[in-house]
$ cat query01.cif   # mmCIF, C-alpha atoms
data_work
loop_
_atom_site.label_atom_id
_atom_site.label_comp_id
_atom_site.auth_asym_id
_atom_site.auth_seq_id
_atom_site.Cartn_x
_atom_site.Cartn_y
_atom_site.Cartn_z
CA MET A 1 0.00 0.00 0.00
CA ARG A 2 1.25 3.48 -0.86
CA LYS A 3 2.36 5.96 1.80
CA ILE A 4 1.46 9.38 0.44
CA LEU A 5 2.42 12.91 1.52
CA VAL A 6 0.28 15.79 0.25
CA ILE A 7 2.08 19.15 0.53
CA GLY A 8 -0.29 22.12 0.38
CA SER A 9 -3.29 20.07 1.43
CA LEU A 10 -5.51 23.01 2.42
CA GLY A 11 -5.63 24.62 -1.02
CA GLN A 12 -8.48 24.47 -3.52
CA ILE A 13 -7.41 21.07 -4.87
CA GLY A 14 -5.58 19.59 -1.88
CA SER A 15 -8.54 19.96 0.47
CA GLU A 16 -10.58 17.59 -1.71
CA LEU A 17 -7.69 15.46 -2.93
CA VAL A 18 -6.76 14.30 0.58
CA PRO A 19 -10.18 12.76 1.41
CA ALA A 20 -10.27 11.07 -2.01
CA LEU A 21 -6.81 9.58 -1.51
CA ARG A 22 -7.71 8.43 2.00
CA LYS A 23 -10.82 6.72 0.69
CA LYS A 24 -8.71 4.82 -1.83
CA TYR A 25 -5.49 4.14 0.12
CA GLY A 26 -6.60 4.32 3.77
CA ASN A 27 -6.69 7.19 6.29
CA ASP A 28 -3.35 6.45 7.91
CA ASN A 29 -1.56 6.06 4.58
CA VAL A 30 -2.17 9.65 3.43
CA ILE A 31 -0.34 12.36 5.36
CA ALA A 32 -1.80 15.84 4.89
CA SER A 33 0.45 18.87 5.38
CA ASP A 34 0.27 22.63 5.03
CA ARG A 35 1.94 25.67 6.55
CA ARG A 36 -1.40 26.68 8.08
CA ASN A 37 -3.63 24.56 10.27
CA PRO A 38 -7.07 23.30 9.21
CA GLU A 39 -9.85 25.38 10.78
CA ILE A 40 -11.96 22.31 11.38
CA GLU A 41 -10.94 18.69 11.41
CA SER A 42 -13.66 17.75 8.92
CA GLU A 43 -11.90 19.78 6.20
CA LEU A 44 -9.57 16.86 5.56
CA GLY A 45 -11.42 14.01 7.20
CA SER A 46 -9.75 11.63 9.61
CA GLY A 47 -6.05 10.99 9.29
CA PRO A 48 -2.68 12.54 10.12
CA PHE A 49 -2.01 16.23 9.54
CA ILE A 50 1.40 17.88 9.91
CA ASN A 51 2.12 21.59 9.94
CA ILE A 52 5.09 22.11 7.60
CA ASP A 53 6.20 24.72 5.10
CA ALA A 54 7.08 23.62 1.55
CA LEU A 55 10.24 25.74 1.84
CA ASP A 56 11.47 23.84 4.92
CA ARG A 57 13.43 20.99 3.35
CA ASP A 58 14.57 19.55 6.68
CA ALA A 59 11.00 19.33 8.00
CA ILE A 60 9.83 17.55 4.85
CA ARG A 61 12.81 15.18 5.03
CA GLN A 62 11.81 14.23 8.57
CA VAL A 63 8.22 13.52 7.52
CA LEU A 64 9.43 11.29 4.69
CA LYS A 65 11.50 9.33 7.19
CA ASP A 66 8.94 9.17 9.99
CA TYR A 67 6.09 7.97 7.76
CA GLN A 68 8.13 5.99 5.20
CA ILE A 69 6.65 8.04 2.37
CA ASP A 70 6.94 6.68 -1.18
CA THR A 71 4.63 9.09 -3.05
CA ILE A 72 4.39 12.89 -2.94
CA TYR A 73 1.70 15.23 -4.25
CA HIS A 74 3.27 18.68 -4.29
CA MET A 75 0.35 21.16 -4.42
CA ALA A 76 1.78 24.26 -2.72
CA SER A 77 1.82 27.23 -5.10
CA LEU A 78 1.09 30.93 -5.50
CA LEU A 79 -1.36 31.34 -8.40
CA SER A 80 -1.39 33.68 -11.39
CA ALA A 81 -3.18 36.82 -10.19
CA THR A 82 -1.56 36.74 -6.75
CA GLY A 83 1.79 35.99 -8.36
CA GLU A 84 1.60 39.16 -10.44
CA LYS A 85 1.16 41.18 -7.26
CA MET A 86 4.02 39.35 -5.52
CA PRO A 87 6.31 37.97 -8.24
CA GLN A 88 9.33 37.38 -5.98
CA ALA A 89 7.19 35.47 -3.48
CA ALA A 90 5.70 33.42 -6.32
CA TRP A 91 9.16 32.50 -7.59
CA ASN A 92 10.36 31.62 -4.10
CA LEU A 93 7.47 29.34 -3.19
CA ASN A 94 6.81 27.81 -6.58
CA MET A 95 10.41 27.10 -7.52
CA ASN A 96 12.17 26.49 -4.21
CA GLY A 97 9.28 24.40 -2.93
CA LEU A 98 9.47 22.20 -6.04
CA ILE A 99 13.25 21.84 -5.98
CA ASN A 100 12.98 20.77 -2.33
CA VAL A 101 10.57 18.00 -3.27
CA LEU A 102 12.60 16.87 -6.27
CA GLU A 103 15.85 16.77 -4.32
CA LEU A 104 14.24 14.91 -1.43
CA GLY A 105 12.64 12.53 -3.90
CA ARG A 106 16.06 11.80 -5.39
CA GLU A 107 17.71 11.39 -2.00
CA ASN A 108 15.01 9.15 -0.52
CA GLY A 109 14.05 6.94 -3.44
CA ILE A 110 10.52 8.31 -3.72
CA LYS A 111 8.46 6.19 -6.11
CA ASN A 112 6.22 8.90 -7.62
CA ILE A 113 5.94 12.69 -7.52
CA ILE A 114 2.77 14.34 -8.82
CA TRP A 115 3.09 18.07 -9.40
CA PRO A 116 0.44 20.13 -11.23
CA SER A 117 1.51 22.48 -13.96
CA SER A 118 -0.95 24.89 -15.56
CA ILE A 119 -2.21 26.39 -18.80
CA ALA A 120 -0.35 29.47 -17.51
CA ALA A 121 2.75 27.80 -18.98
CA PHE A 122 1.44 28.87 -22.37
CA GLY A 123 1.61 32.44 -23.63
CA PRO A 124 0.77 34.83 -26.46
CA THR A 125 2.95 32.95 -28.97
CA THR A 126 1.23 29.61 -28.24
CA PRO A 127 -1.61 28.48 -30.56
CA ARG A 128 -4.76 29.44 -28.65
CA ASP A 129 -7.17 26.98 -30.27
CA ASN A 130 -6.76 23.24 -29.75
CA THR A 131 -3.42 23.96 -28.07
CA PRO A 132 -1.18 20.90 -28.58
CA ASN A 133 0.65 19.05 -25.83
CA ASP A 134 4.06 19.79 -27.32
CA THR A 135 4.17 23.44 -28.26
CA ILE A 136 5.70 26.86 -27.56
CA LEU A 137 5.94 27.77 -23.86
CA GLN A 138 6.53 31.52 -23.50
CA PRO A 139 4.31 32.73 -20.63
CA SER A 140 3.72 36.36 -19.73
CA THR A 141 3.23 35.93 -15.95
CA MET A 142 5.58 34.96 -13.13
CA TYR A 143 3.24 32.08 -12.29
CA GLY A 144 3.59 30.84 -15.85
CA VAL A 145 7.36 31.26 -15.76
CA THR A 146 7.54 29.07 -12.65
CA LYS A 147 5.38 26.44 -14.31
CA VAL A 148 7.61 26.26 -17.40
CA ALA A 149 10.72 26.12 -15.24
CA GLY A 150 9.04 23.50 -13.05
CA GLU A 151 8.19 21.35 -16.07
CA LEU A 152 11.80 21.50 -17.21
CA LEU A 153 13.03 20.59 -13.74
CA ALA A 154 10.63 17.66 -13.47
CA GLU A 155 11.78 16.36 -16.85
CA TYR A 156 15.43 16.86 -15.84
CA TYR A 157 15.02 14.80 -12.67
CA PHE A 158 13.21 12.10 -14.64
CA ASN A 159 15.92 11.87 -17.29
CA LYS A 160 18.94 12.47 -15.01
CA TYR A 161 17.96 10.51 -11.91
CA GLY A 162 15.07 8.27 -12.98
CA LEU A 163 12.69 10.05 -10.62
CA ASP A 164 9.13 9.26 -11.72
CA THR A 165 7.67 12.76 -12.00
CA ARG A 166 4.20 13.22 -13.51
CA SER A 167 2.38 16.44 -14.20
CA MET A 168 -0.82 17.77 -15.74
CA ARG A 169 -1.34 21.28 -17.13
CA LEU A 170 -4.50 22.18 -15.27
CA PRO A 171 -7.00 24.66 -16.67
CA GLY A 172 -9.29 26.71 -14.40
CA ILE A 173 -10.64 24.58 -11.55
CA ILE A 174 -14.28 24.94 -10.51
CA SER A 175 -15.12 23.67 -7.02
CA SER A 176 -18.18 23.80 -4.78
CA GLU A 177 -16.17 23.08 -1.64
CA THR A 178 -13.26 25.51 -1.54
CA LEU A 179 -13.03 29.15 -2.58
CA PRO A 180 -10.44 29.97 -5.26
CA GLY A 181 -7.04 31.27 -4.24
CA GLY A 182 -5.99 34.14 -6.47
CA GLY A 183 -6.12 32.81 -10.02
CA THR A 184 -7.23 34.37 -13.29
CA THR A 185 -10.09 31.86 -13.62
CA ASP A 186 -11.53 32.62 -10.16
CA TYR A 187 -14.57 34.27 -11.75
CA ALA A 188 -15.86 30.83 -12.76
CA VAL A 189 -16.31 29.96 -9.07
CA GLU A 190 -17.18 33.39 -7.66
CA ILE A 191 -20.06 33.72 -10.13
CA PHE A 192 -21.95 30.82 -8.55
CA TYR A 193 -21.76 32.19 -5.02
CA GLU A 194 -22.91 35.63 -6.12
CA ALA A 195 -25.67 34.24 -8.33
CA ILE A 196 -27.11 32.22 -5.46
CA LYS A 197 -26.63 34.80 -2.69
CA ASN A 198 -27.15 38.13 -4.48
CA LYS A 199 -28.54 37.26 -7.93
CA ARG A 200 -25.88 39.42 -9.60
CA TYR A 201 -22.17 39.37 -10.32
CA THR A 202 -19.55 41.77 -11.69
CA CYS A 203 -17.15 39.73 -13.82
CA PHE A 204 -13.49 40.73 -14.15
CA VAL A 205 -13.12 39.30 -17.68
CA SER A 206 -15.14 40.20 -20.77
CA GLU A 207 -18.27 38.37 -21.88
CA ASP A 208 -16.56 36.75 -24.85
CA THR A 209 -13.48 35.51 -22.93
CA VAL A 210 -13.17 31.77 -23.55
CA LEU A 211 -10.97 29.65 -21.30
CA PRO A 212 -10.60 25.91 -20.64
CA MET A 213 -11.98 24.67 -17.33
CA LEU A 214 -12.18 21.49 -15.26
CA TYR A 215 -14.75 20.57 -12.63
CA GLN A 216 -13.22 19.53 -9.33
CA PRO A 217 -14.52 15.92 -9.32
CA ASP A 218 -12.80 15.43 -12.67
CA CYS A 219 -9.66 17.15 -11.37
CA ILE A 220 -9.46 14.77 -8.42
CA LYS A 221 -10.06 11.81 -10.72
CA CYS A 222 -7.19 12.85 -12.99
CA MET A 223 -4.86 13.27 -10.00
CA VAL A 224 -5.46 9.66 -8.94
CA ASP A 225 -5.61 8.17 -12.44
CA LEU A 226 -2.29 9.70 -13.51
CA LEU A 227 -0.61 8.37 -10.38
CA GLU A 228 -1.84 4.86 -11.13
CA ALA A 229 -1.03 4.96 -14.86
CA ASP A 230 1.38 2.28 -16.08
CA ASN A 231 4.69 4.05 -16.74
CA SER A 232 5.43 1.75 -19.67
CA HIS A 233 2.45 3.29 -21.49
CA LEU A 234 3.54 6.90 -20.93
CA LYS A 235 5.36 8.62 -23.76
CA HIS A 236 4.99 11.95 -21.95
CA HIS A 237 5.24 12.91 -18.30
CA ILE A 238 3.61 16.34 -18.67
CA PHE A 239 0.09 16.32 -20.07
CA ASN A 240 -2.41 18.83 -21.35
CA LEU A 241 -5.73 18.39 -19.57
CA THR A 242 -9.18 19.89 -19.98
CA GLY A 243 -12.80 19.21 -19.27
CA MET A 244 -14.66 21.95 -21.19
CA SER A 245 -14.18 25.39 -22.69
CA PHE A 246 -16.74 28.20 -22.47
CA SER A 247 -16.98 31.97 -22.47
CA ALA A 248 -17.95 33.98 -19.40
CA GLY A 249 -21.18 34.82 -21.22
CA GLU A 250 -21.96 31.16 -21.91
CA LEU A 251 -21.41 30.33 -18.24
CA ALA A 252 -23.75 33.16 -17.19
CA ALA A 253 -26.41 32.00 -19.65
CA GLU A 254 -26.25 28.44 -18.30
CA ILE A 255 -26.60 29.73 -14.72
CA LYS A 256 -29.66 31.79 -15.76
CA LYS A 257 -31.40 28.57 -16.76
CA HIS A 258 -31.43 27.68 -13.04
CA ILE A 259 -31.58 31.22 -11.60
CA PRO A 260 -33.61 33.28 -14.14
CA GLU A 261 -33.31 36.53 -12.16
CA PHE A 262 -29.49 36.40 -12.24
CA GLU A 263 -27.82 39.49 -13.76
CA ILE A 264 -24.19 39.96 -14.75
CA GLU A 265 -22.02 42.96 -15.56
CA TYR A 266 -18.58 42.81 -17.19
CA ARG A 267 -15.76 45.03 -15.92
CA PRO A 268 -12.44 43.55 -17.08
CA ASP A 269 -9.43 44.30 -14.86
CA PHE A 270 -5.73 43.36 -15.03
CA ARG A 271 -6.65 39.67 -15.17
CA GLN A 272 -8.14 40.17 -18.64
CA ALA A 273 -4.67 40.71 -20.08
CA ILE A 274 -3.53 37.43 -18.51
CA ALA A 275 -6.56 35.52 -19.83
CA ASP A 276 -5.93 36.88 -23.33
CA THR A 277 -2.57 35.06 -23.45
CA TRP A 278 -4.01 31.66 -22.49
CA PRO A 279 -5.56 28.98 -24.70
CA ARG A 280 -9.25 28.98 -25.55
CA THR A 281 -9.37 25.24 -26.16
CA ILE A 282 -6.93 22.46 -25.28
CA ASP A 283 -5.88 19.31 -27.12
CA ASP A 284 -5.58 16.67 -24.40
CA SER A 285 -5.38 13.70 -26.76
CA CYS A 286 -2.03 12.58 -25.30
CA ALA A 287 -3.60 12.12 -21.85
CA ARG A 288 -6.56 10.31 -23.39
CA ALA A 289 -4.35 7.97 -25.41
CA GLU A 290 -1.61 7.28 -22.86
CA TRP A 291 -3.57 6.84 -19.62
CA GLY A 292 -7.23 6.87 -20.56
CA TRP A 293 -8.17 10.38 -19.44
CA SER A 294 -11.85 11.22 -19.96
CA PRO A 295 -13.81 13.88 -18.01
CA ASP A 296 -17.29 13.14 -16.70
CA TYR A 297 -18.69 16.70 -16.71
CA ASP A 298 -19.60 19.18 -19.42
CA LEU A 299 -20.84 22.76 -18.95
CA ALA A 300 -24.49 21.88 -18.38
CA SER A 301 -23.88 19.03 -15.92
CA MET A 302 -21.22 21.03 -14.06
CA VAL A 303 -23.48 24.07 -13.61
CA LYS A 304 -26.39 21.98 -12.35
CA ASP A 305 -24.19 20.12 -9.88
CA MET A 306 -22.51 23.31 -8.63
CA ILE A 307 -25.82 25.07 -8.04
CA ASP A 308 -27.36 22.04 -6.30
CA LYS A 309 -24.35 21.66 -3.99
CA LEU A 310 -23.97 25.37 -3.20
CA ARG A 311 -27.68 25.83 -2.49
CA ALA A 312 -27.41 23.06 0.09
CA LYS A 313 -24.14 24.43 1.47
CA LEU A 314 -25.41 28.02 1.71
CA ASN A 315 -28.94 27.06 2.81
CA ALA A 316 -30.22 29.11 -0.13
#
$ encode --input "query01.cif" --output "structure tokens"
Amino acid sequence: MRKILVIGSLGQIGSELVPALRKKYGNDNVIASDRRNPEIESELGSGPFINIDALDRDAIRQVLKDYQIDTIYHMASLLSATGEKMPQAAWNLNMNGLINVLELGRENGIKNIIWPSSIAAFGPTTPRDNTPNDTILQPSTMYGVTKVAGELLAEYYFNKYGLDTRSMRLPGIISSETLPGGGTTDYAVEIFYEAIKNKRYTCFVSEDTVLPMLYQPDCIKCMVDLLEADNSHLKHHIFNLTGMSFSAGELAAEIKKHIPEFEIEYRPDFRQAIADTWPRTIDDSCARAEWGWSPDYDLASMVKDMIDKLRAKLNA
């Protein structure tokens, strides 16, 4: 049975990844960690939690030893919009945190390291429609720069040291459980809360802005499926991934089917310029061919599920 460490377990993805991993591998076999403490125990379910910082290599080394870890999910990161406000902090956490994990993986014979990249690795020179897996990576944000550098590092450690690193370029993540954490696609989560609570939303990207997205249940599924993929079938170790693409206006129109009185206004801010450098649609055929990736949700089913879950959560 695997012994898994999740670094950054209280983020948008980690907070739902940990319970899913514990359901599959057992509570005691999945060690959650973050530099902040969970507000309530139920956030992560039952199982061990350790307060550590991704930048503290010695602390992580001790956890690997104490729990005989063989698999690491490295989720700690500063996202795109926050990273543009604090570029040095983004570089420090995103790069030094990753190099810590890679070095410790090499030193300790870690079996697998899963580290999410992002569509932020692409940029204005990348084809924006049906963006291929192997293409130009010239991002315009510090977050994107760290993702490209991280991809190169992960490939280096795979080729140089045989460290089994696997990564997926995640699009915008839509979750009913955890609020977004400073990304350019945050509007696709915020809009649901405002539609249910206030029946109106001011969107920070334009109505016709199209971006690729992934619903959280599909995101968690891909995190587990890529870990379990047979390495002999993998020609790549960094994969494009997507669930659906839609414009902000299309999302609003789908929400109005469930909340007819919902109104939206568009006031693009600095995040519009970031969104304009990212793909509109993604070619994830490599993931589909090499490890059987297939999302369960499209726009209509995602919107219905989000609204049902948030109405229950918000008692609305």
$ residues_around --input "query01.cif" --residues "region 186-202 of chain A" --least-positions-apart "2" --cutoff "7 Å" --atoms "all atoms listed in the file" --output "JSON, numbers by chain"
{"A": [174, 175, 180, 182, 183, 184, 204, 261, 262, 263, 264, 265, 266, 267, 307, 316]}
$ atom_distance --input "query01.cif" --atom1 "CA of Trp91 (chain A)" --atom2 "CA of Thr281 (chain A)"
27.2 Å
$ closest_atom_pairs --input "query01.cif" --of "region 133-240 of chain A" --to "region 52-75 of chain A" --cutoff "10 Å" --atoms "all atoms listed in the file" --output "CSV"
residue,atom,partner,partner_atom,distance
A:Asp164,CA,A:Thr71,CA,9.8
A:Thr165,CA,A:Ile72,CA,9.6
A:Arg166,CA,A:Tyr73,CA,9.8
A:Met223,CA,A:Tyr73,CA,8.9
A:Leu227,CA,A:Thr71,CA,9.0
$ resolve_selection --input "query01.cif" --expression "the PyMOL selection byres ((chain A and resi 124) around 10)" --output "list of chain:residue names"
A:Phe122, A:Gly123, A:Thr125, A:Thr126, A:Pro127, A:Arg128, A:Ile136, A:Leu137, A:Gln138, A:Pro139, A:Ser140, A:Ile274, A:Ala275, A:Asp276, A:Thr277, A:Trp278, A:Pro279
$ residues_around --input "query01.cif" --residues "Ala300 (chain A)" --least-positions-apart "5" --cutoff "12 Å" --atoms "only C-alpha atoms" --output "tab-separated table (two decimals) with C-alpha atoms, in the coordinates of the input"
chain	number	residue	atom	x	y	z
A	215	TYR	CA	-14.75	20.57	-12.63
A	244	MET	CA	-14.66	21.95	-21.19
A	245	SER	CA	-14.18	25.39	-22.69
A	246	PHE	CA	-16.74	28.20	-22.47
A	250	GLU	CA	-21.96	31.16	-21.91
A	251	LEU	CA	-21.41	30.33	-18.24
A	252	ALA	CA	-23.75	33.16	-17.19
A	253	ALA	CA	-26.41	32.00	-19.65
A	254	GLU	CA	-26.25	28.44	-18.30
A	255	ILE	CA	-26.60	29.73	-14.72
A	256	LYS	CA	-29.66	31.79	-15.76
A	257	LYS	CA	-31.40	28.57	-16.76
A	258	HIS	CA	-31.43	27.68	-13.04
A	305	ASP	CA	-24.19	20.12	-9.88
A	306	MET	CA	-22.51	23.31	-8.63
A	307	ILE	CA	-25.82	25.07	-8.04
$ residues_around --input "query01.cif" --residues "Arg169 (chain A)" --least-positions-apart "6" --cutoff "10 Å" --atoms "only C-alpha atoms" --output "PyMOL selection string"
chain A and resi 115-122+133+147+151+238-242+282+284
$ closest_residue --input "query01.cif" --among "A:Gly26, A:Asn159, A:Thr82, A:Ile7" --to "Leu98 (chain A)" --atoms "all atoms listed in the file"
A:Ile7
$ atom_distance --input "query01.cif" --atom1 "CA of Asp283 (chain A)" --atom2 "CA of Ser80 (chain A)"
21.8 Å
$ atom_distance --input "query01.cif" --atom1 "CA of Ala287 (chain A)" --atom2 "CA of Glu228 (chain A)"
13.1 Å
$ residues_around --input "query01.cif" --residues "Tyr161 (chain A)" --least-positions-apart "6" --cutoff "12 Å" --atoms "all atoms listed in the file" --output "PyMOL selection string"
chain A and resi 102-111+153-155
$ residues_around --input "query01.cif" --residues "region 9-17 of chain A" --least-positions-apart "4" --cutoff "10 Å" --atoms "all atoms listed in the file" --output "compact mmCIF listing (two decimals) with C-alpha atoms, in the coordinates of the input"
# COMPACT_ATOMS: atom_id res chain seq x y z
CA LEU A 5 2.42 12.91 1.52
CA LEU A 21 -6.81 9.58 -1.51
CA ARG A 22 -7.71 8.43 2.00
CA LYS A 23 -10.82 6.72 0.69
CA ILE A 31 -0.34 12.36 5.36
CA ALA A 32 -1.80 15.84 4.89
CA SER A 33 0.45 18.87 5.38
CA ASP A 34 0.27 22.63 5.03
CA ARG A 35 1.94 25.67 6.55
CA ARG A 36 -1.40 26.68 8.08
CA ASN A 37 -3.63 24.56 10.27
CA PRO A 38 -7.07 23.30 9.21
CA GLU A 39 -9.85 25.38 10.78
CA GLU A 43 -11.90 19.78 6.20
CA LEU A 44 -9.57 16.86 5.56
CA GLY A 45 -11.42 14.01 7.20
CA PHE A 49 -2.01 16.23 9.54
CA ILE A 50 1.40 17.88 9.91
CA TYR A 73 1.70 15.23 -4.25
CA HIS A 74 3.27 18.68 -4.29
CA MET A 75 0.35 21.16 -4.42
CA ALA A 76 1.78 24.26 -2.72
CA SER A 77 1.82 27.23 -5.10
CA ILE A 173 -10.64 24.58 -11.55
CA ILE A 174 -14.28 24.94 -10.51
CA SER A 175 -15.12 23.67 -7.02
CA SER A 176 -18.18 23.80 -4.78
CA GLU A 177 -16.17 23.08 -1.64
CA THR A 178 -13.26 25.51 -1.54
CA LEU A 179 -13.03 29.15 -2.58
CA PRO A 180 -10.44 29.97 -5.26
CA GLY A 181 -7.04 31.27 -4.24
CA GLN A 216 -13.22 19.53 -9.33
CA PRO A 217 -14.52 15.92 -9.32
CA CYS A 219 -9.66 17.15 -11.37
CA ILE A 220 -9.46 14.77 -8.42
CA LYS A 221 -10.06 11.81 -10.72
CA MET A 223 -4.86 13.27 -10.00
CA VAL A 224 -5.46 9.66 -8.94
$ closest_residue --input "query01.cif" --among "A:Ile113, A:Val145, A:Leu314, A:Val210" --to "Asn94 (chain A)" --atoms "only C-alpha atoms"
A:Val145
$ closest_residue --input "query01.cif" --among "A:Thr135, A:Thr185, A:Gln272, A:Gln88" --to "Leu211 (chain A)" --atoms "all atoms listed in the file"
A:Thr185
$ axis_aligned_box --input "query01.cif" --around "region 139-149 of chain A" --padding-each-side "3 Å" --output "AutoDock Vina command-line options"
--center_x 7.0 --center_y 31.2 --center_z -16.5 --size_x 13.5 --size_y 16.2 --size_z 14.3
$ closest_residue --input "query01.cif" --among "A:Pro171, A:Gly243, A:Gly144, A:Pro132" --to "Tyr297 (chain A)" --atoms "only C-alpha atoms"
A:Gly243
